[in-house]
2 protein chains.
Amino acid sequence: MSRLAIISAMGLLPVELARAVPSALVVTLQGVGHDHTGPVHEHQLERLGALFDDLKAEGVTEVVFAGAMSRPNLDPMQFDAFMQATAPRLTEAFGQGDDVLLRLVVSLFEENGFAVRGAHELLQATANGGLIAGPAPDERALADAARGVEILHVMSGLDLGQGVVVAGGLCLGIETLQGTDAMLGFVAQTPKHLRRAKGVFVKAPKAGQDLRVDMPAIGPDTIRNVAQAGLAGVALAAGRVLVLDRAVTLKLAEDLGVFIYGLEEI
Amino acid sequence: MSRLAIISAMGLLPVELARAVPSALVVTLQGVGHDHTGPVHEHQLERLGALFDDLKAEGVTEVVFAGAMSRPNLDPMQFDAFMQATAPRLTEAFGQGDDVLLRLVVSLFEENGFAVRGAHELLQATANGGLIAGPAPDERALADAARGVEILHVMSGLDLGQGVVVAGGLCLGIETLQGTDAMLGFVAQTPKHLRRAKGVFVKAPKAGQDLRVDMPAIGPDTIRNVAQAGLAGVALAAGRVLVLDRAVTLKLAEDLGVFIYGLEEI
C-alpha cells in the first residue's frame, strides 16, 4: 500500500492534485498559506521531524511538493531535534540559490524514506507539442518564441526566472523574483512606440531543474495577463510546463484570441 | 582645425556636450526629439548623404553620438542617393540586434571621413572607482553588487540591457527595452515580503560594447528612482558609465542617503 502526501503551498496546483488523488493526505505549512477547502494537516517548517512522524503514522510513502512559496523565514528557537541536527546543512543551503535549497529539501524527505514524485507525473497536465489552443502563431510569433528560448537558455545558469517576453525580436520582460504575473503587468505598460509586434510570452524550466519541486505552470490568470499585455500568445516547453485548470485555460485562450503553443526540443 | 558635431537624440547627455564644447555643431534628427534650447541643424535619417554634405560644409571632422533614441522607422521613399546605395547594408543590420545597427552607423560616418568620438572622452564624466557619493555600502550591498555583475556578465552575449537590481542575493529586476527608469519603477512595486535587503542597482556596459555610441549613463533621475525603489545605492563599472549632471547627481545621492559606488575591474 502506498499513500501520497501533498506538501502544499499556495495556488491552484495543490488543489488540483488533491482533487486528482482523493486518498492523498494534504499537508499545509504554518505561515505559508494555501487554497484548500477540505481537511489538512498543518505543520511547521521548524518541526520537520514531527512532520515525518505524522506522515509515517498516516501510512504515507510518497510525497509531492506543490504550490508557490517564497523563501521562508525560519525561527531556530522552534526547531525540533531533527531540524537542530540538520541546521548546518540548512545554513549552507540558505546562502546559495533557491535551487540548492530545494534540492536539500528533496534530499531530506528521501533520506527519511519518502519517494518524491512530480506533480506532472500525477496530473498528466503538461503542455503537448504544437498548437494547444487559440489561433495558430504566425512566422513572426514563432521567431519571437525562438528568441525567447535563446534568452532563457543563456540565463539558465543564473538560477533566475523561467519566463521572458519577446516582441518583434526585442525583449520586453524577463521574469524575476516577483513572478510571471508581475512581469506581464510590466510588459502591459510598455509605451506603444517601443512595440514593433504583439509579442510572445515564453516559459520553460531552467536547464537541470528538478521538475519534481519546481515545475513551471500556467493557468487562467496567465492567459488573462497575456491578453491584457497585448501579446499574441504563450509558447511553452512541451512536456515540461504544466497547464493548470486545463479546460478553463484553453477556453480562455480561444475566447481572448491568444495562442498556447508547445515548443518541442527546446 | 577640427570641429565637432554632436549627433543628438533626447536627454541630458547631448545638452551637456553642447555646453562643454561651445564650438560644436548640434545636429538633431526629424522625428527623434531633443532637449536643446540653442541653435541646431535638423536633418533626416533618410538623408544621411545630405547630412554628410552639411557637416563637411561646416568644417566638421569629428562627430559624437549622444542621447537616447529608440530604433527609428525609416521611410525608404525619402532616401537620398547615399541611403539608396546603403540600403542593402541597412536592411541586413535591421534584422539583427541594436549593436549591429549601431556599428553600421559608426562605419558609415567613418567611411565618409569623420572620426567618431565617445562622449566620455569629451566630458571626462565617467564614474571613478570606490565611493563616489552617499553613505559607504555595507558588506551585504557589496555582495549584491557582485551578484549583479555576475548576472550582467552572463547576459552580456544577449545584446539586452545593461542594468540589474539585486537585493539580498535575489534578482528583482533586469533591464529590458523600456530602460532603467521603467525597471526601477517595477522594482519599487515589489511586495515587501519578497525583499530581504534594500538592494543595489548595478549598471555596466555589455562586453565588447562600443562606448562611443552606447555608453551607459546615470543622472539625477536615476538617483531619484533608486531612492524611490528603496534601494541602498547604485554600483557602476568604473570608467565605463557616465555620471551626467554630476554635481546635482552627487548632491541628490547625499540628500537621499543612497550611495554611488564605482566597481573596479568588472
# chains A, B, ... in the order shown; residues from 1 in each chain; ligands from 1

call {"tool": "residues_around", "arguments": {"residues": "range 88-104 of chain B", "least_positions_apart": "4", "cutoff": "8 Å", "atoms": "only C-alpha atoms", "output": "NGL selection string"}}
result
:B and (71 or 108 or 159 or 209-210 or 213)

call {"tool": "write_last_selection", "arguments": {"atoms": "N, CA and C atoms", "output": "mmCIF file, in the first residue's frame"}}
result
data_model
loop_
_atom_site.group_PDB
_atom_site.id
_atom_site.type_symbol
_atom_site.label_atom_id
_atom_site.label_comp_id
_atom_site.auth_asym_id
_atom_site.auth_seq_id
_atom_site.Cartn_x
_atom_site.Cartn_y
_atom_site.Cartn_z
ATOM 1 N N ARG B 71 14.733 52.565 -31.734
ATOM 2 C CA ARG B 71 15.018 52.177 -33.105
ATOM 3 C C ARG B 71 14.078 52.907 -34.062
ATOM 4 N N LEU B 108 29.493 54.015 -41.254
ATOM 5 C CA LEU B 108 29.082 54.939 -42.318
ATOM 6 C C LEU B 108 29.733 56.311 -42.118
ATOM 7 N N ASP B 159 22.863 40.897 -26.066
ATOM 8 C CA ASP B 159 22.506 42.201 -26.631
ATOM 9 C C ASP B 159 21.208 42.718 -26.002
ATOM 10 N N GLN B 209 30.931 46.216 -25.960
ATOM 11 C CA GLN B 209 30.091 47.334 -26.381
ATOM 12 C C GLN B 209 30.964 48.520 -26.806
ATOM 13 N N ASP B 210 30.591 49.173 -27.904
ATOM 14 C CA ASP B 210 31.316 50.355 -28.367
ATOM 15 C C ASP B 210 30.864 51.555 -27.545
ATOM 16 N N VAL B 213 29.187 54.827 -28.952
ATOM 17 C CA VAL B 213 27.810 55.010 -29.402
ATOM 18 C C VAL B 213 26.757 54.634 -28.368
#

call {"tool": "calpha_fit_and_write", "arguments": {"fixed": "chain A", "moving": "chain B", "output": "PDB file with C-alpha atoms, in the first residue's frame"}}
result
ATOM      1  CA  MET B   1      -0.042   0.028  -0.073  1.00  0.00           C
ATOM      2  CA  SER B   2       1.381   3.397  -0.994  1.00  0.00           C
ATOM      3  CA  ARG B   3      -0.175   6.648   0.101  1.00  0.00           C
ATOM      4  CA  LEU B   4       0.592  10.134  -1.190  1.00  0.00           C
ATOM      5  CA  ALA B   5       1.037  13.346   0.792  1.00  0.00           C
ATOM      6  CA  ILE B   6       0.699  16.706  -0.942  1.00  0.00           C
ATOM      7  CA  ILE B   7       3.087  19.196   0.684  1.00  0.00           C
ATOM      8  CA  SER B   8       1.113  22.257  -0.237  1.00  0.00           C
ATOM      9  CA  ALA B   9       1.797  25.943  -0.630  1.00  0.00           C
ATOM     10  CA  MET B  10      -0.489  28.453  -2.360  1.00  0.00           C
ATOM     11  CA  GLY B  11      -2.204  28.286  -5.707  1.00  0.00           C
ATOM     12  CA  LEU B  12      -4.185  26.046  -8.000  1.00  0.00           C
ATOM     13  CA  LEU B  13      -1.742  23.180  -8.404  1.00  0.00           C
ATOM     14  CA  PRO B  14      -2.037  21.603  -4.915  1.00  0.00           C
ATOM     15  CA  VAL B  15      -5.825  21.952  -5.059  1.00  0.00           C
ATOM     16  CA  GLU B  16      -5.917  20.160  -8.425  1.00  0.00           C
ATOM     17  CA  LEU B  17      -3.674  17.431  -7.051  1.00  0.00           C
ATOM     18  CA  ALA B  18      -5.932  16.921  -4.030  1.00  0.00           C
ATOM     19  CA  ARG B  19      -8.884  16.583  -6.407  1.00  0.00           C
ATOM     20  CA  ALA B  20      -6.998  14.179  -8.693  1.00  0.00           C
ATOM     21  CA  VAL B  21      -5.797  11.954  -5.809  1.00  0.00           C
ATOM     22  CA  PRO B  22      -8.653  11.894  -3.256  1.00  0.00           C
ATOM     23  CA  SER B  23      -6.806   9.460  -0.958  1.00  0.00           C
ATOM     24  CA  ALA B  24      -3.887  11.889  -0.557  1.00  0.00           C
ATOM     25  CA  LEU B  25      -3.056  13.543   2.751  1.00  0.00           C
ATOM     26  CA  VAL B  26      -2.836  17.327   2.343  1.00  0.00           C
ATOM     27  CA  VAL B  27      -0.085  18.946   4.415  1.00  0.00           C
ATOM     28  CA  THR B  28      -0.027  22.730   4.796  1.00  0.00           C
ATOM     29  CA  LEU B  29       2.657  24.834   6.434  1.00  0.00           C
ATOM     30  CA  GLN B  30       2.182  27.472   9.101  1.00  0.00           C
ATOM     31  CA  GLY B  31       2.777  30.962   7.727  1.00  0.00           C
ATOM     32  CA  VAL B  32       2.819  29.836   4.081  1.00  0.00           C
ATOM     33  CA  GLY B  33      -0.850  30.000   3.126  1.00  0.00           C
ATOM     34  CA  HIS B  34      -2.914  27.669   0.924  1.00  0.00           C
ATOM     35  CA  ASP B  35      -6.141  27.494  -1.065  1.00  0.00           C
ATOM     36  CA  HIS B  36      -7.614  24.175   0.135  1.00  0.00           C
ATOM     37  CA  THR B  37     -11.182  23.932   1.356  1.00  0.00           C
ATOM     38  CA  GLY B  38     -11.028  20.279   2.489  1.00  0.00           C
ATOM     39  CA  PRO B  39      -9.270  18.869   5.601  1.00  0.00           C
ATOM     40  CA  VAL B  40      -5.514  19.487   5.964  1.00  0.00           C
ATOM     41  CA  HIS B  41      -2.724  18.599   8.404  1.00  0.00           C
ATOM     42  CA  GLU B  42      -0.954  21.822   9.324  1.00  0.00           C
ATOM     43  CA  HIS B  43       2.730  21.577  10.227  1.00  0.00           C
ATOM     44  CA  GLN B  44       5.662  23.896  10.922  1.00  0.00           C
ATOM     45  CA  LEU B  45       8.762  24.134   8.744  1.00  0.00           C
ATOM     46  CA  GLU B  46      10.736  24.354  11.989  1.00  0.00           C
ATOM     47  CA  ARG B  47       9.463  20.877  12.975  1.00  0.00           C
ATOM     48  CA  LEU B  48      10.098  18.630   9.971  1.00  0.00           C
ATOM     49  CA  GLY B  49      10.809  15.741  12.380  1.00  0.00           C
ATOM     50  CA  ALA B  50       7.229  15.975  13.647  1.00  0.00           C
ATOM     51  CA  LEU B  51       5.977  16.180  10.053  1.00  0.00           C
ATOM     52  CA  PHE B  52       7.866  12.998   9.114  1.00  0.00           C
ATOM     53  CA  ASP B  53       6.405  11.184  12.148  1.00  0.00           C
ATOM     54  CA  ASP B  54       2.884  12.252  11.192  1.00  0.00           C
ATOM     55  CA  LEU B  55       3.369  11.106   7.575  1.00  0.00           C
ATOM     56  CA  LYS B  56       4.621   7.690   8.727  1.00  0.00           C
ATOM     57  CA  ALA B  57       1.708   7.333  11.157  1.00  0.00           C
ATOM     58  CA  GLU B  58      -0.662   8.074   8.269  1.00  0.00           C
ATOM     59  CA  GLY B  59       0.934   5.414   6.060  1.00  0.00           C
ATOM     60  CA  VAL B  60       2.419   7.957   3.627  1.00  0.00           C
ATOM     61  CA  THR B  61       5.219   6.626   1.385  1.00  0.00           C
ATOM     62  CA  GLU B  62       5.265   9.233  -1.374  1.00  0.00           C
ATOM     63  CA  VAL B  63       5.177  13.018  -1.337  1.00  0.00           C
ATOM     64  CA  VAL B  64       4.640  15.705  -3.945  1.00  0.00           C
ATOM     65  CA  PHE B  65       5.561  19.379  -3.467  1.00  0.00           C
ATOM     66  CA  ALA B  66       3.108  21.803  -4.997  1.00  0.00           C
ATOM     67  CA  GLY B  67       2.283  25.474  -4.975  1.00  0.00           C
ATOM     68  CA  ALA B  68       4.025  28.807  -4.839  1.00  0.00           C
ATOM     69  CA  MET B  69       6.042  29.743  -1.791  1.00  0.00           C
ATOM     70  CA  SER B  70       8.541  32.491  -1.225  1.00  0.00           C
ATOM     71  CA  ARG B  71      11.681  31.670   0.688  1.00  0.00           C
ATOM     72  CA  PRO B  72      10.535  31.162   4.311  1.00  0.00           C
ATOM     73  CA  ASN B  73      11.908  32.786   7.432  1.00  0.00           C
ATOM     74  CA  LEU B  74      12.720  30.031   9.906  1.00  0.00           C
ATOM     75  CA  ASP B  75      12.800  30.566  13.675  1.00  0.00           C
ATOM     76  CA  PRO B  76      15.639  28.378  15.032  1.00  0.00           C
ATOM     77  CA  MET B  77      14.197  28.689  18.558  1.00  0.00           C
ATOM     78  CA  GLN B  78      11.346  26.446  17.450  1.00  0.00           C
ATOM     79  CA  PHE B  79      13.469  23.730  15.774  1.00  0.00           C
ATOM     80  CA  ASP B  80      12.723  20.132  16.791  1.00  0.00           C
ATOM     81  CA  ALA B  81      15.567  17.620  17.245  1.00  0.00           C
ATOM     82  CA  PHE B  82      15.609  16.675  13.552  1.00  0.00           C
ATOM     83  CA  MET B  83      15.892  20.291  12.437  1.00  0.00           C
ATOM     84  CA  GLN B  84      18.583  21.036  15.015  1.00  0.00           C
ATOM     85  CA  ALA B  85      20.626  18.159  13.604  1.00  0.00           C
ATOM     86  CA  THR B  86      20.015  19.456  10.064  1.00  0.00           C
ATOM     87  CA  ALA B  87      20.787  23.106  10.829  1.00  0.00           C
ATOM     88  CA  PRO B  88      24.351  23.143   9.391  1.00  0.00           C
ATOM     89  CA  ARG B  89      23.143  21.807   6.027  1.00  0.00           C
ATOM     90  CA  LEU B  90      20.272  24.301   6.012  1.00  0.00           C
ATOM     91  CA  THR B  91      22.517  27.226   6.804  1.00  0.00           C
ATOM     92  CA  GLU B  92      24.834  26.332   3.946  1.00  0.00           C
ATOM     93  CA  ALA B  93      21.968  25.941   1.462  1.00  0.00           C
ATOM     94  CA  PHE B  94      20.336  29.211   2.528  1.00  0.00           C
ATOM     95  CA  GLY B  95      23.446  31.085   1.413  1.00  0.00           C
ATOM     96  CA  GLN B  96      23.050  29.778  -2.127  1.00  0.00           C
ATOM     97  CA  GLY B  97      20.303  29.905  -4.756  1.00  0.00           C
ATOM     98  CA  ASP B  98      16.756  28.606  -4.368  1.00  0.00           C
ATOM     99  CA  ASP B  99      17.691  25.578  -6.457  1.00  0.00           C
ATOM    100  CA  VAL B 100      20.180  24.427  -3.830  1.00  0.00           C
ATOM    101  CA  LEU B 101      17.651  24.868  -1.044  1.00  0.00           C
ATOM    102  CA  LEU B 102      15.015  22.904  -2.944  1.00  0.00           C
ATOM    103  CA  ARG B 103      17.445  20.081  -3.677  1.00  0.00           C
ATOM    104  CA  LEU B 104      18.208  19.857   0.050  1.00  0.00           C
ATOM    105  CA  VAL B 105      14.503  19.667   0.928  1.00  0.00           C
ATOM    106  CA  VAL B 106      14.049  16.821  -1.574  1.00  0.00           C
ATOM    107  CA  SER B 107      17.060  15.015  -0.071  1.00  0.00           C
ATOM    108  CA  LEU B 108      15.692  15.345   3.468  1.00  0.00           C
ATOM    109  CA  PHE B 109      12.416  13.668   2.481  1.00  0.00           C
ATOM    110  CA  GLU B 110      14.218  10.938   0.527  1.00  0.00           C
ATOM    111  CA  GLU B 111      16.657  10.226   3.368  1.00  0.00           C
ATOM    112  CA  ASN B 112      13.646   9.748   5.612  1.00  0.00           C
ATOM    113  CA  GLY B 113      12.179   7.094   3.364  1.00  0.00           C
ATOM    114  CA  PHE B 114       9.742   9.050   1.215  1.00  0.00           C
ATOM    115  CA  ALA B 115       9.714   8.869  -2.582  1.00  0.00           C
ATOM    116  CA  VAL B 116       9.407  12.337  -4.087  1.00  0.00           C
ATOM    117  CA  ARG B 117       7.016  12.466  -7.052  1.00  0.00           C
ATOM    118  CA  GLY B 118       6.463  15.255  -9.568  1.00  0.00           C
ATOM    119  CA  ALA B 119       3.091  16.917 -10.006  1.00  0.00           C
ATOM    120  CA  HIS B 120       3.375  16.320 -13.758  1.00  0.00           C
ATOM    121  CA  GLU B 121       3.520  12.531 -13.182  1.00  0.00           C
ATOM    122  CA  LEU B 122       0.326  12.637 -11.147  1.00  0.00           C
ATOM    123  CA  LEU B 123      -1.712  15.074 -13.186  1.00  0.00           C
ATOM    124  CA  GLN B 124      -0.678  14.344 -16.777  1.00  0.00           C
ATOM    125  CA  ALA B 125      -1.320  18.014 -17.369  1.00  0.00           C
ATOM    126  CA  THR B 126       1.840  19.020 -19.150  1.00  0.00           C
ATOM    127  CA  ALA B 127       1.856  21.006 -22.364  1.00  0.00           C
ATOM    128  CA  ASN B 128       1.959  18.894 -25.511  1.00  0.00           C
ATOM    129  CA  GLY B 129       3.849  19.935 -28.646  1.00  0.00           C
ATOM    130  CA  GLY B 130       2.276  22.108 -31.338  1.00  0.00           C
ATOM    131  CA  LEU B 131      -0.857  24.257 -31.127  1.00  0.00           C
ATOM    132  CA  ILE B 132      -2.734  23.663 -27.857  1.00  0.00           C
ATOM    133  CA  ALA B 133      -5.363  26.413 -28.048  1.00  0.00           C
ATOM    134  CA  GLY B 134      -6.220  29.657 -29.818  1.00  0.00           C
ATOM    135  CA  PRO B 135      -5.177  30.898 -33.273  1.00  0.00           C
ATOM    136  CA  ALA B 136      -2.033  29.408 -34.857  1.00  0.00           C
ATOM    137  CA  PRO B 137       1.089  31.566 -34.261  1.00  0.00           C
ATOM    138  CA  ASP B 138       2.414  33.278 -37.391  1.00  0.00           C
ATOM    139  CA  GLU B 139       6.046  33.288 -38.512  1.00  0.00           C
ATOM    140  CA  ARG B 140       6.891  36.409 -36.536  1.00  0.00           C
ATOM    141  CA  ALA B 141       5.451  34.933 -33.326  1.00  0.00           C
ATOM    142  CA  LEU B 142       7.439  31.730 -33.834  1.00  0.00           C
ATOM    143  CA  ALA B 143      10.602  33.805 -34.378  1.00  0.00           C
ATOM    144  CA  ASP B 144       9.884  35.703 -31.144  1.00  0.00           C
ATOM    145  CA  ALA B 145       9.387  32.374 -29.348  1.00  0.00           C
ATOM    146  CA  ALA B 146      12.763  31.165 -30.663  1.00  0.00           C
ATOM    147  CA  ARG B 147      14.475  34.344 -29.439  1.00  0.00           C
ATOM    148  CA  GLY B 148      12.812  33.833 -26.044  1.00  0.00           C
ATOM    149  CA  VAL B 149      14.171  30.299 -25.873  1.00  0.00           C
ATOM    150  CA  GLU B 150      17.648  31.627 -26.687  1.00  0.00           C
ATOM    151  CA  ILE B 151      17.450  34.164 -23.843  1.00  0.00           C
ATOM    152  CA  LEU B 152      16.182  31.545 -21.371  1.00  0.00           C
ATOM    153  CA  HIS B 153      19.018  29.188 -22.346  1.00  0.00           C
ATOM    154  CA  VAL B 154      21.699  31.796 -21.701  1.00  0.00           C
ATOM    155  CA  MET B 155      20.110  32.783 -18.385  1.00  0.00           C
ATOM    156  CA  SER B 156      19.635  29.192 -17.331  1.00  0.00           C
ATOM    157  CA  GLY B 157      22.896  29.093 -15.411  1.00  0.00           C
ATOM    158  CA  LEU B 158      21.859  32.049 -13.248  1.00  0.00           C
ATOM    159  CA  ASP B 159      19.137  30.376 -11.154  1.00  0.00           C
ATOM    160  CA  LEU B 160      16.720  33.167 -12.064  1.00  0.00           C
ATOM    161  CA  GLY B 161      13.314  33.171 -13.708  1.00  0.00           C
ATOM    162  CA  GLN B 162      11.726  30.854 -16.200  1.00  0.00           C
ATOM    163  CA  GLY B 163       9.859  33.321 -18.319  1.00  0.00           C
ATOM    164  CA  VAL B 164      10.579  36.014 -20.879  1.00  0.00           C
ATOM    165  CA  VAL B 165       8.593  38.227 -23.272  1.00  0.00           C
ATOM    166  CA  VAL B 166       9.872  38.994 -26.774  1.00  0.00           C
ATOM    167  CA  ALA B 167       8.095  41.200 -29.324  1.00  0.00           C
ATOM    168  CA  GLY B 168       9.441  41.745 -32.821  1.00  0.00           C
ATOM    169  CA  GLY B 169      12.831  40.391 -31.732  1.00  0.00           C
ATOM    170  CA  LEU B 170      13.092  42.803 -28.790  1.00  0.00           C
ATOM    171  CA  CYS B 171      12.980  41.670 -25.172  1.00  0.00           C
ATOM    172  CA  LEU B 172      10.227  43.425 -23.177  1.00  0.00           C
ATOM    173  CA  GLY B 173      10.420  41.492 -19.914  1.00  0.00           C
ATOM    174  CA  ILE B 174      12.468  38.945 -18.005  1.00  0.00           C
ATOM    175  CA  GLU B 175      10.905  37.144 -15.075  1.00  0.00           C
ATOM    176  CA  THR B 176      12.486  37.879 -11.700  1.00  0.00           C
ATOM    177  CA  LEU B 177      11.544  37.032  -8.105  1.00  0.00           C
ATOM    178  CA  GLN B 178       8.164  38.802  -8.392  1.00  0.00           C
ATOM    179  CA  GLY B 179       6.935  36.123 -10.804  1.00  0.00           C
ATOM    180  CA  THR B 180       5.093  35.824 -14.094  1.00  0.00           C
ATOM    181  CA  ASP B 181       2.046  37.962 -13.366  1.00  0.00           C
ATOM    182  CA  ALA B 182       4.116  40.932 -12.167  1.00  0.00           C
ATOM    183  CA  MET B 183       6.305  40.683 -15.269  1.00  0.00           C
ATOM    184  CA  LEU B 184       3.295  40.560 -17.599  1.00  0.00           C
ATOM    185  CA  GLY B 185       1.870  43.602 -15.777  1.00  0.00           C
ATOM    186  CA  PHE B 186       5.135  45.418 -16.481  1.00  0.00           C
ATOM    187  CA  VAL B 187       5.015  44.440 -20.159  1.00  0.00           C
ATOM    188  CA  ALA B 188       1.427  45.719 -20.389  1.00  0.00           C
ATOM    189  CA  GLN B 189       2.729  49.209 -19.539  1.00  0.00           C
ATOM    190  CA  THR B 190       5.279  49.295 -22.369  1.00  0.00           C
ATOM    191  CA  PRO B 191       4.911  52.548 -24.350  1.00  0.00           C
ATOM    192  CA  LYS B 192       3.351  51.892 -27.769  1.00  0.00           C
ATOM    193  CA  HIS B 193       6.285  53.324 -29.740  1.00  0.00           C
ATOM    194  CA  LEU B 194       8.573  50.581 -28.358  1.00  0.00           C
ATOM    195  CA  ARG B 195       6.358  47.772 -29.609  1.00  0.00           C
ATOM    196  CA  ARG B 196       6.976  46.496 -33.100  1.00  0.00           C
ATOM    197  CA  ALA B 197       4.927  43.307 -32.827  1.00  0.00           C
ATOM    198  CA  LYS B 198       2.401  41.809 -30.413  1.00  0.00           C
ATOM    199  CA  GLY B 199       4.972  39.483 -28.922  1.00  0.00           C
ATOM    200  CA  VAL B 200       5.112  36.146 -27.159  1.00  0.00           C
ATOM    201  CA  PHE B 201       5.500  35.009 -23.553  1.00  0.00           C
ATOM    202  CA  VAL B 202       7.908  32.056 -23.404  1.00  0.00           C
ATOM    203  CA  LYS B 203       8.062  29.743 -20.393  1.00  0.00           C
ATOM    204  CA  ALA B 204      10.416  26.821 -19.832  1.00  0.00           C
ATOM    205  CA  PRO B 205      12.199  25.184 -16.888  1.00  0.00           C
ATOM    206  CA  LYS B 206      15.819  26.061 -16.243  1.00  0.00           C
ATOM    207  CA  ALA B 207      18.416  23.586 -17.494  1.00  0.00           C
ATOM    208  CA  GLY B 208      18.879  20.850 -14.910  1.00  0.00           C
ATOM    209  CA  GLN B 209      15.852  22.007 -12.916  1.00  0.00           C
ATOM    210  CA  ASP B 210      14.238  19.286 -10.780  1.00  0.00           C
ATOM    211  CA  LEU B 211      10.706  19.237 -12.188  1.00  0.00           C
ATOM    212  CA  ARG B 212       9.535  17.419  -9.064  1.00  0.00           C
ATOM    213  CA  VAL B 213       9.913  20.527  -6.934  1.00  0.00           C
ATOM    214  CA  ASP B 214       9.752  23.498  -9.226  1.00  0.00           C
ATOM    215  CA  MET B 215       7.874  22.763 -12.397  1.00  0.00           C
ATOM    216  CA  PRO B 216       6.760  25.867 -14.252  1.00  0.00           C
ATOM    217  CA  ALA B 217       3.016  26.188 -14.779  1.00  0.00           C
ATOM    218  CA  ILE B 218       0.473  28.399 -16.476  1.00  0.00           C
ATOM    219  CA  GLY B 219      -3.217  28.739 -15.688  1.00  0.00           C
ATOM    220  CA  PRO B 220      -6.222  30.964 -16.389  1.00  0.00           C
ATOM    221  CA  ASP B 221      -4.561  34.008 -14.764  1.00  0.00           C
ATOM    222  CA  THR B 222      -1.562  33.652 -17.055  1.00  0.00           C
ATOM    223  CA  ILE B 223      -3.796  33.724 -20.129  1.00  0.00           C
ATOM    224  CA  ARG B 224      -5.738  36.750 -18.837  1.00  0.00           C
ATOM    225  CA  ASN B 225      -2.490  38.623 -18.187  1.00  0.00           C
ATOM    226  CA  VAL B 226      -1.015  37.642 -21.555  1.00  0.00           C
ATOM    227  CA  ALA B 227      -4.107  39.051 -23.291  1.00  0.00           C
ATOM    228  CA  GLN B 228      -4.028  42.159 -21.088  1.00  0.00           C
ATOM    229  CA  ALA B 229      -0.389  42.723 -22.105  1.00  0.00           C
ATOM    230  CA  GLY B 230      -1.430  42.653 -25.758  1.00  0.00           C
ATOM    231  CA  LEU B 231       0.664  39.580 -26.572  1.00  0.00           C
ATOM    232  CA  ALA B 232      -0.122  37.156 -29.388  1.00  0.00           C
ATOM    233  CA  GLY B 233       0.276  34.106 -27.176  1.00  0.00           C
ATOM    234  CA  VAL B 234       2.242  31.792 -24.913  1.00  0.00           C
ATOM    235  CA  ALA B 235       4.951  29.339 -25.972  1.00  0.00           C
ATOM    236  CA  LEU B 236       5.759  26.515 -23.540  1.00  0.00           C
ATOM    237  CA  ALA B 237       8.446  23.846 -23.372  1.00  0.00           C
ATOM    238  CA  ALA B 238       6.385  20.782 -24.348  1.00  0.00           C
ATOM    239  CA  GLY B 239       6.286  18.134 -21.637  1.00  0.00           C
ATOM    240  CA  ARG B 240       7.950  20.402 -19.094  1.00  0.00           C
ATOM    241  CA  VAL B 241       5.361  23.054 -18.235  1.00  0.00           C
ATOM    242  CA  LEU B 242       2.023  22.341 -16.516  1.00  0.00           C
ATOM    243  CA  VAL B 243      -1.225  23.686 -17.895  1.00  0.00           C
ATOM    244  CA  LEU B 244      -3.370  24.039 -14.773  1.00  0.00           C
ATOM    245  CA  ASP B 245      -7.161  24.074 -14.786  1.00  0.00           C
ATOM    246  CA  ARG B 246      -6.734  22.893 -18.335  1.00  0.00           C
ATOM    247  CA  ALA B 247     -10.288  23.129 -19.704  1.00  0.00           C
ATOM    248  CA  VAL B 248     -10.782  26.658 -18.357  1.00  0.00           C
ATOM    249  CA  THR B 249      -7.316  27.788 -19.468  1.00  0.00           C
ATOM    250  CA  LEU B 250      -7.781  26.503 -23.026  1.00  0.00           C
ATOM    251  CA  LYS B 251     -11.265  27.994 -23.357  1.00  0.00           C
ATOM    252  CA  LEU B 252      -9.985  31.377 -22.126  1.00  0.00           C
ATOM    253  CA  ALA B 253      -7.231  31.307 -24.745  1.00  0.00           C
ATOM    254  CA  GLU B 254      -9.837  30.642 -27.456  1.00  0.00           C
ATOM    255  CA  ASP B 255     -12.161  33.366 -26.136  1.00  0.00           C
ATOM    256  CA  LEU B 256      -9.402  35.972 -25.801  1.00  0.00           C
ATOM    257  CA  GLY B 257      -7.764  35.035 -29.110  1.00  0.00           C
ATOM    258  CA  VAL B 258      -4.291  34.228 -27.746  1.00  0.00           C
ATOM    259  CA  PHE B 259      -2.449  31.049 -28.651  1.00  0.00           C
ATOM    260  CA  ILE B 260      -0.979  28.404 -26.365  1.00  0.00           C
ATOM    261  CA  TYR B 261       1.756  26.574 -28.233  1.00  0.00           C
ATOM    262  CA  GLY B 262       4.082  23.748 -27.158  1.00  0.00           C
ATOM    263  CA  LEU B 263       7.691  23.987 -28.338  1.00  0.00           C
ATOM    264  CA  GLU B 264       9.371  20.617 -28.918  1.00  0.00           C
ATOM    265  CA  GLU B 265      13.054  20.096 -28.202  1.00  0.00           C
ATOM    266  CA  ILE B 266      13.985  23.319 -26.484  1.00  0.00           C
TER     267      ILE B 266
END

call {"tool": "select_by_dssp", "arguments": {"residues": "range 6-224 of chain A", "states": "strand (DSSP E)", "output": "MDAnalysis selection string"}}
result
chainID A and resid 6:8 25:29 41:43 60:66 115:117 130:133 163:167 170:174 200:203 217:218

call {"tool": "select_by_dssp", "arguments": {"residues": "range 87-158 of chain B", "states": "alpha helix (DSSP H)", "output": "number ranges by chain"}}
result
B: 87-94, 98-111, 119-123, 139-155
